[in-house]
$ cat start_5.cif   # mmCIF, C-alpha atoms
data_run
loop_
_atom_site.group_PDB
_atom_site.id
_atom_site.type_symbol
_atom_site.label_atom_id
_atom_site.label_comp_id
_atom_site.auth_asym_id
_atom_site.auth_seq_id
_atom_site.Cartn_x
_atom_site.Cartn_y
_atom_site.Cartn_z
ATOM 1 C CA MET A 1 -35.461 -42.853 21.505
ATOM 2 C CA SER A 2 -36.363 -43.242 25.177
ATOM 3 C CA LEU A 3 -33.709 -43.241 27.906
ATOM 4 C CA ASN A 4 -34.607 -46.794 28.963
ATOM 5 C CA LYS A 5 -34.295 -48.043 25.394
ATOM 6 C CA VAL A 6 -30.896 -46.321 25.043
ATOM 7 C CA LEU A 7 -29.669 -47.767 28.341
ATOM 8 C CA THR A 8 -30.891 -51.280 27.548
ATOM 9 C CA ALA A 9 -29.526 -51.204 24.015
ATOM 10 C CA THR A 10 -26.236 -49.757 25.255
ATOM 11 C CA ALA A 11 -25.903 -52.449 27.902
ATOM 12 C CA THR A 12 -26.442 -55.057 25.197
ATOM 13 C CA ILE A 13 -23.881 -53.371 22.938
ATOM 14 C CA ILE A 14 -21.255 -53.323 25.634
ATOM 15 C CA VAL A 15 -21.919 -56.954 26.533
ATOM 16 C CA LEU A 16 -21.656 -57.965 22.868
ATOM 17 C CA SER A 17 -18.441 -56.020 22.425
ATOM 18 C CA GLY A 18 -16.864 -57.921 25.307
ATOM 19 C CA ALA A 19 -16.298 -54.810 27.372
ATOM 20 C CA MET A 20 -18.071 -56.200 30.425
ATOM 21 C CA SER A 21 -19.354 -59.465 31.819
ATOM 22 C CA ALA A 22 -22.923 -60.625 31.457
ATOM 23 C CA ALA A 23 -23.416 -60.060 35.193
ATOM 24 C CA ALA A 24 -22.603 -56.345 34.963
ATOM 25 C CA GLN A 25 -25.072 -53.652 35.893
ATOM 26 C CA THR A 26 -27.246 -51.660 33.520
ATOM 27 C CA PRO A 27 -25.534 -48.387 32.535
ATOM 28 C CA THR A 28 -26.499 -45.217 34.375
ATOM 29 C CA ARG A 29 -27.083 -41.985 32.514
ATOM 30 C CA MET A 30 -24.886 -39.293 34.021
ATOM 31 C CA ASN A 31 -25.695 -36.241 31.909
ATOM 32 C CA GLN A 32 -26.892 -34.985 28.516
ATOM 33 C CA PHE A 33 -24.926 -32.497 26.409
ATOM 34 C CA ASN A 34 -27.098 -31.540 23.431
ATOM 35 C CA ALA A 35 -26.841 -34.549 21.052
ATOM 36 C CA TRP A 36 -24.447 -36.543 23.286
ATOM 37 C CA GLY A 37 -25.122 -38.333 26.568
ATOM 38 C CA SER A 38 -22.625 -39.589 29.130
ATOM 39 C CA TYR A 39 -23.102 -42.969 30.819
ATOM 40 C CA SER A 40 -21.319 -45.250 33.264
ATOM 41 C CA TYR A 41 -21.407 -48.834 34.463
ATOM 42 C CA THR A 42 -19.381 -50.917 36.887
ATOM 43 C CA ALA A 43 -17.395 -53.915 35.688
ATOM 44 C CA GLY A 44 -14.963 -55.894 37.807
ATOM 45 C CA GLY A 45 -15.234 -53.330 40.593
ATOM 46 C CA SER A 46 -14.211 -50.459 38.303
ATOM 47 C CA LYS A 47 -16.361 -47.678 36.913
ATOM 48 C CA VAL A 48 -16.306 -47.354 33.137
ATOM 49 C CA CYS A 49 -17.654 -44.251 31.395
ATOM 50 C CA TYR A 50 -18.581 -43.527 27.811
ATOM 51 C CA ILE A 51 -20.530 -41.088 25.690
ATOM 52 C CA LEU A 52 -22.958 -41.866 22.901
ATOM 53 C CA SER A 53 -25.217 -40.312 20.338
ATOM 54 C CA THR A 54 -27.863 -41.498 17.906
ATOM 55 C CA PRO A 55 -28.159 -40.331 14.286
ATOM 56 C CA THR A 56 -30.217 -37.317 13.284
ATOM 57 C CA LYS A 57 -30.741 -38.890 9.855
ATOM 58 C CA MET A 58 -30.740 -42.527 8.648
ATOM 59 C CA GLU A 59 -30.721 -43.643 4.998
ATOM 60 C CA PRO A 60 -32.196 -45.392 3.190
ATOM 61 C CA ALA A 61 -35.470 -44.536 4.900
ATOM 62 C CA SER A 62 -37.092 -47.687 3.498
ATOM 63 C CA VAL A 63 -35.109 -50.167 5.656
ATOM 64 C CA ASP A 64 -35.269 -51.146 9.332
ATOM 65 C CA HIS A 65 -31.964 -49.952 10.775
ATOM 66 C CA GLY A 66 -32.565 -51.133 14.333
ATOM 67 C CA ASP A 67 -30.796 -49.228 17.120
ATOM 68 C CA ILE A 68 -27.873 -47.170 15.811
ATOM 69 C CA PHE A 69 -25.206 -45.578 18.032
ATOM 70 C CA PHE A 70 -21.828 -43.921 17.879
ATOM 71 C CA LEU A 71 -20.077 -44.262 21.192
ATOM 72 C CA ILE A 72 -16.735 -43.303 22.629
ATOM 73 C CA SER A 73 -15.570 -45.180 25.704
ATOM 74 C CA GLN A 74 -12.658 -44.669 28.021
ATOM 75 C CA LYS A 75 -9.846 -47.160 27.685
ATOM 76 C CA PRO A 76 -9.571 -48.590 31.217
ATOM 77 C CA GLY A 77 -6.291 -47.805 32.958
ATOM 78 C CA GLN A 78 -5.005 -45.608 30.124
ATOM 79 C CA GLY A 79 -5.743 -42.145 31.489
ATOM 80 C CA VAL A 80 -7.621 -39.875 29.081
ATOM 81 C CA SER A 81 -7.671 -42.270 26.134
ATOM 82 C CA TYR A 82 -10.775 -42.998 24.085
ATOM 83 C CA GLU A 83 -12.061 -45.809 21.883
ATOM 84 C CA PRO A 84 -14.626 -44.790 19.239
ATOM 85 C CA GLN A 85 -17.124 -47.435 18.109
ATOM 86 C CA VAL A 86 -19.989 -47.593 15.626
ATOM 87 C CA VAL A 87 -22.866 -49.899 16.565
ATOM 88 C CA VAL A 88 -25.711 -50.739 14.198
ATOM 89 C CA GLY A 89 -28.849 -52.828 14.559
ATOM 90 C CA TYR A 90 -27.939 -55.372 11.857
ATOM 91 C CA PRO A 91 -24.959 -57.540 10.844
ATOM 92 C CA LEU A 92 -22.347 -55.561 8.924
ATOM 93 C CA LYS A 93 -20.625 -56.960 5.840
ATOM 94 C CA GLU A 94 -17.876 -59.322 6.998
ATOM 95 C CA GLY A 95 -14.480 -57.988 6.080
ATOM 96 C CA GLY A 96 -16.136 -54.697 5.189
ATOM 97 C CA ARG A 97 -15.283 -51.183 6.204
ATOM 98 C CA VAL A 98 -17.234 -48.395 7.782
ATOM 99 C CA THR A 99 -16.247 -44.846 6.863
ATOM 100 C CA VAL A 100 -16.577 -42.027 9.360
ATOM 101 C CA ASP A 101 -16.486 -38.585 7.745
ATOM 102 C CA VAL A 102 -16.159 -35.574 10.040
ATOM 103 C CA ASP A 103 -16.563 -32.388 8.003
ATOM 104 C CA GLY A 104 -14.596 -33.955 5.105
ATOM 105 C CA LYS A 105 -11.929 -35.756 7.140
ATOM 106 C CA LYS A 106 -12.344 -39.530 6.683
ATOM 107 C CA PHE A 107 -11.475 -42.443 8.952
ATOM 108 C CA ALA A 108 -11.665 -46.187 8.203
ATOM 109 C CA LEU A 109 -13.129 -48.688 10.667
ATOM 110 C CA PHE A 110 -13.141 -52.485 10.471
ATOM 111 C CA THR A 111 -16.328 -54.452 11.059
ATOM 112 C CA LYS A 112 -17.194 -57.369 13.300
ATOM 113 C CA GLY A 113 -20.798 -58.418 13.768
ATOM 114 C CA GLU A 114 -22.881 -55.300 14.400
ATOM 115 C CA SER A 115 -19.953 -53.044 15.395
ATOM 116 C CA ALA A 116 -16.988 -51.261 13.865
ATOM 117 C CA TRP A 117 -13.727 -49.962 15.365
ATOM 118 C CA MET A 118 -10.785 -47.958 14.058
ATOM 119 C CA GLU A 119 -8.621 -49.950 11.635
ATOM 120 C CA ASN A 120 -5.584 -48.118 12.980
ATOM 121 C CA ALA A 121 -5.914 -47.591 16.734
ATOM 122 C CA ALA A 122 -3.140 -44.965 16.559
ATOM 123 C CA GLU A 123 -5.634 -42.734 14.676
ATOM 124 C CA GLU A 124 -8.206 -42.767 17.505
ATOM 125 C CA PRO A 125 -6.917 -39.448 18.948
ATOM 126 C CA GLN A 126 -7.196 -37.820 15.488
ATOM 127 C CA LEU A 127 -10.817 -38.961 15.136
ATOM 128 C CA VAL A 128 -11.679 -37.682 18.612
ATOM 129 C CA ALA A 129 -9.959 -34.342 17.834
ATOM 130 C CA ALA A 130 -11.935 -34.084 14.565
ATOM 131 C CA LEU A 131 -15.168 -34.774 16.460
ATOM 132 C CA ARG A 132 -14.371 -32.042 18.993
ATOM 133 C CA ALA A 133 -13.667 -29.525 16.206
ATOM 134 C CA GLY A 134 -16.414 -30.660 13.832
ATOM 135 C CA LYS A 135 -20.027 -29.761 13.204
ATOM 136 C CA GLU A 136 -21.356 -32.974 11.657
ATOM 137 C CA MET A 137 -20.344 -36.598 11.273
ATOM 138 C CA ARG A 138 -21.454 -38.990 8.547
ATOM 139 C CA VAL A 139 -21.105 -42.763 8.936
ATOM 140 C CA ASP A 140 -21.314 -44.976 5.835
ATOM 141 C CA ALA A 141 -21.666 -48.730 6.212
ATOM 142 C CA GLN A 142 -22.800 -51.789 4.305
ATOM 143 C CA SER A 143 -25.012 -54.519 5.707
ATOM 144 C CA GLN A 144 -24.242 -58.211 5.361
ATOM 145 C CA ARG A 145 -26.990 -58.288 2.704
ATOM 146 C CA GLY A 146 -25.248 -55.556 0.711
ATOM 147 C CA THR A 147 -27.459 -52.583 1.603
ATOM 148 C CA ALA A 148 -25.503 -49.306 1.697
ATOM 149 C CA THR A 149 -26.492 -47.306 4.797
ATOM 150 C CA HIS A 150 -25.725 -43.724 5.772
ATOM 151 C CA TYR A 151 -26.069 -41.988 9.135
ATOM 152 C CA VAL A 152 -25.667 -38.329 10.047
ATOM 153 C CA TYR A 153 -24.842 -37.228 13.603
ATOM 154 C CA SER A 154 -24.757 -33.797 15.184
ATOM 155 C CA LEU A 155 -21.506 -33.095 17.002
ATOM 156 C CA SER A 156 -23.149 -30.497 19.240
ATOM 157 C CA GLY A 157 -22.156 -31.356 22.810
ATOM 158 C CA VAL A 158 -19.470 -33.938 22.036
ATOM 159 C CA SER A 159 -16.641 -31.860 23.593
ATOM 160 C CA ALA A 160 -18.580 -31.239 26.813
ATOM 161 C CA ALA A 161 -19.602 -34.915 26.988
ATOM 162 C CA LEU A 162 -15.977 -36.065 26.567
ATOM 163 C CA LYS A 163 -14.815 -33.589 29.198
ATOM 164 C CA SER A 164 -17.453 -34.929 31.596
ATOM 165 C CA ILE A 165 -15.968 -38.439 31.536
ATOM 166 C CA ASN A 166 -12.306 -37.374 31.876
ATOM 167 C CA THR A 167 -12.509 -37.691 35.654
ATOM 168 C CA CYS A 168 -14.717 -40.766 35.732
ATOM 169 C CA LYS A 169 -13.515 -43.198 38.403
#
$ encode --input "start_5.cif" --output "structure tokens"
Amino acid sequence: MSLNKVLTATATIIVLSGAMSAAAQTPTRMNQFNAWGSYSYTAGGSKVCYILSTPTKMEPASVDHGDIFFLISQKPGQGVSYEPQVVVGYPLKEGGRVTVDVDGKKFALFTKGESAWMENAAEEPQLVAALRAGKEMRVDAQSQRGTATHYVYSLSGVSAALKSINTCK
């Protein structure tokens, strides 16, 4: 996927998730760490940073998945605190769950529209720790139409990408 497509899609994702106003700037790519990139944008006079990756494998191959991302953003004003988010290119099943599996350790996310967030926000640090220690992540979701989808992500570079946004201001 091209950098411009990632930046445009990411800007749309962030706008849709309510993390910034419609008048905010397009995100800027800061760096690339293997499978993970770091990005920033300015909202309300503050710089917000996040990392994201796209899947290395998408199933079923016979469907149009749209733009698929896993991103981890800083929680503004909360020091080194992260918010993981799954973003897909189609409406997810309302009231459904997305499962994130990091080398056998599973986490449940709730769905809203085309995104999913941790059901239990207190488990966000455990997911981030699993990502840092892991090799591969699998994301399982279900579309509003009932299609089961599966995504595989490389975790190569996730630790360096997270470290790169720790001092983002």
$ closest_residue --input "start_5.cif" --among "A:Trp117, A:Phe107, A:Tyr50, A:Phe33" --to "A:Val86" --atoms "only C-alpha atoms"
A:Trp117
$ closest_residue --input "start_5.cif" --among "A:Thr56, A:Thr28, A:Ser81, A:Thr42" --to "A:Leu162" --atoms "only C-alpha atoms"
A:Ser81
$ atom_distance --input "start_5.cif" --atom1 "atom CA of A:Gly95" --atom2 "atom CA of A:Ala61"
25.0 Å
$ closest_atom_pairs --input "start_5.cif" --of "stretch 54-88 of chain A" --to "stretch 133-153 of chain A" --cutoff "6 Å" --atoms "all atoms listed in the file" --output "JSON lines"
{"residue": "A:Pro55", "atom": "CA", "partner": "A:Tyr153", "partner_atom": "CA", "distance": 4.6}
{"residue": "A:Thr56", "atom": "CA", "partner": "A:Tyr153", "partner_atom": "CA", "distance": 5.4}
{"residue": "A:Lys57", "atom": "CA", "partner": "A:Val152", "partner_atom": "CA", "distance": 5.1}
{"residue": "A:Met58", "atom": "CA", "partner": "A:Tyr151", "partner_atom": "CA", "distance": 4.7}
{"residue": "A:Glu59", "atom": "CA", "partner": "A:His150", "partner_atom": "CA", "distance": 5.1}
$ resolve_selection --input "start_5.cif" --expression "the PyMOL selection byres ((chain A and resi 65) around 8)" --output "list of chain:residue names"
A:Met58, A:Val63, A:Asp64, A:Gly66, A:Asp67, A:Ile68, A:Val88, A:Gly89, A:Tyr90
$ resolve_selection --input "start_5.cif" --expression "the PyMOL selection byres ((chain A and resi 161) around 9)" --output "PyMOL selection string"
chain A and resi 31-34+36-38+50-52+157-160+162-165
$ residues_around --input "start_5.cif" --residues "A:Cys49" --least-positions-apart "4" --cutoff "9 Å" --atoms "only C-alpha atoms" --output "NGL selection string"
:A and (27 or 38-42 or 72-74 or 165-166 or 168-169)
$ closest_residue --input "start_5.cif" --among "A:Thr167, A:Val87, A:Tyr82, A:Gly44" --to "A:Ala129" --atoms "only C-alpha atoms"
A:Tyr82
$ closest_residue --input "start_5.cif" --among "A:Val102, A:Met30, A:Ala121, A:Leu92" --to "A:Ser154" --atoms "only C-alpha atoms"
A:Val102
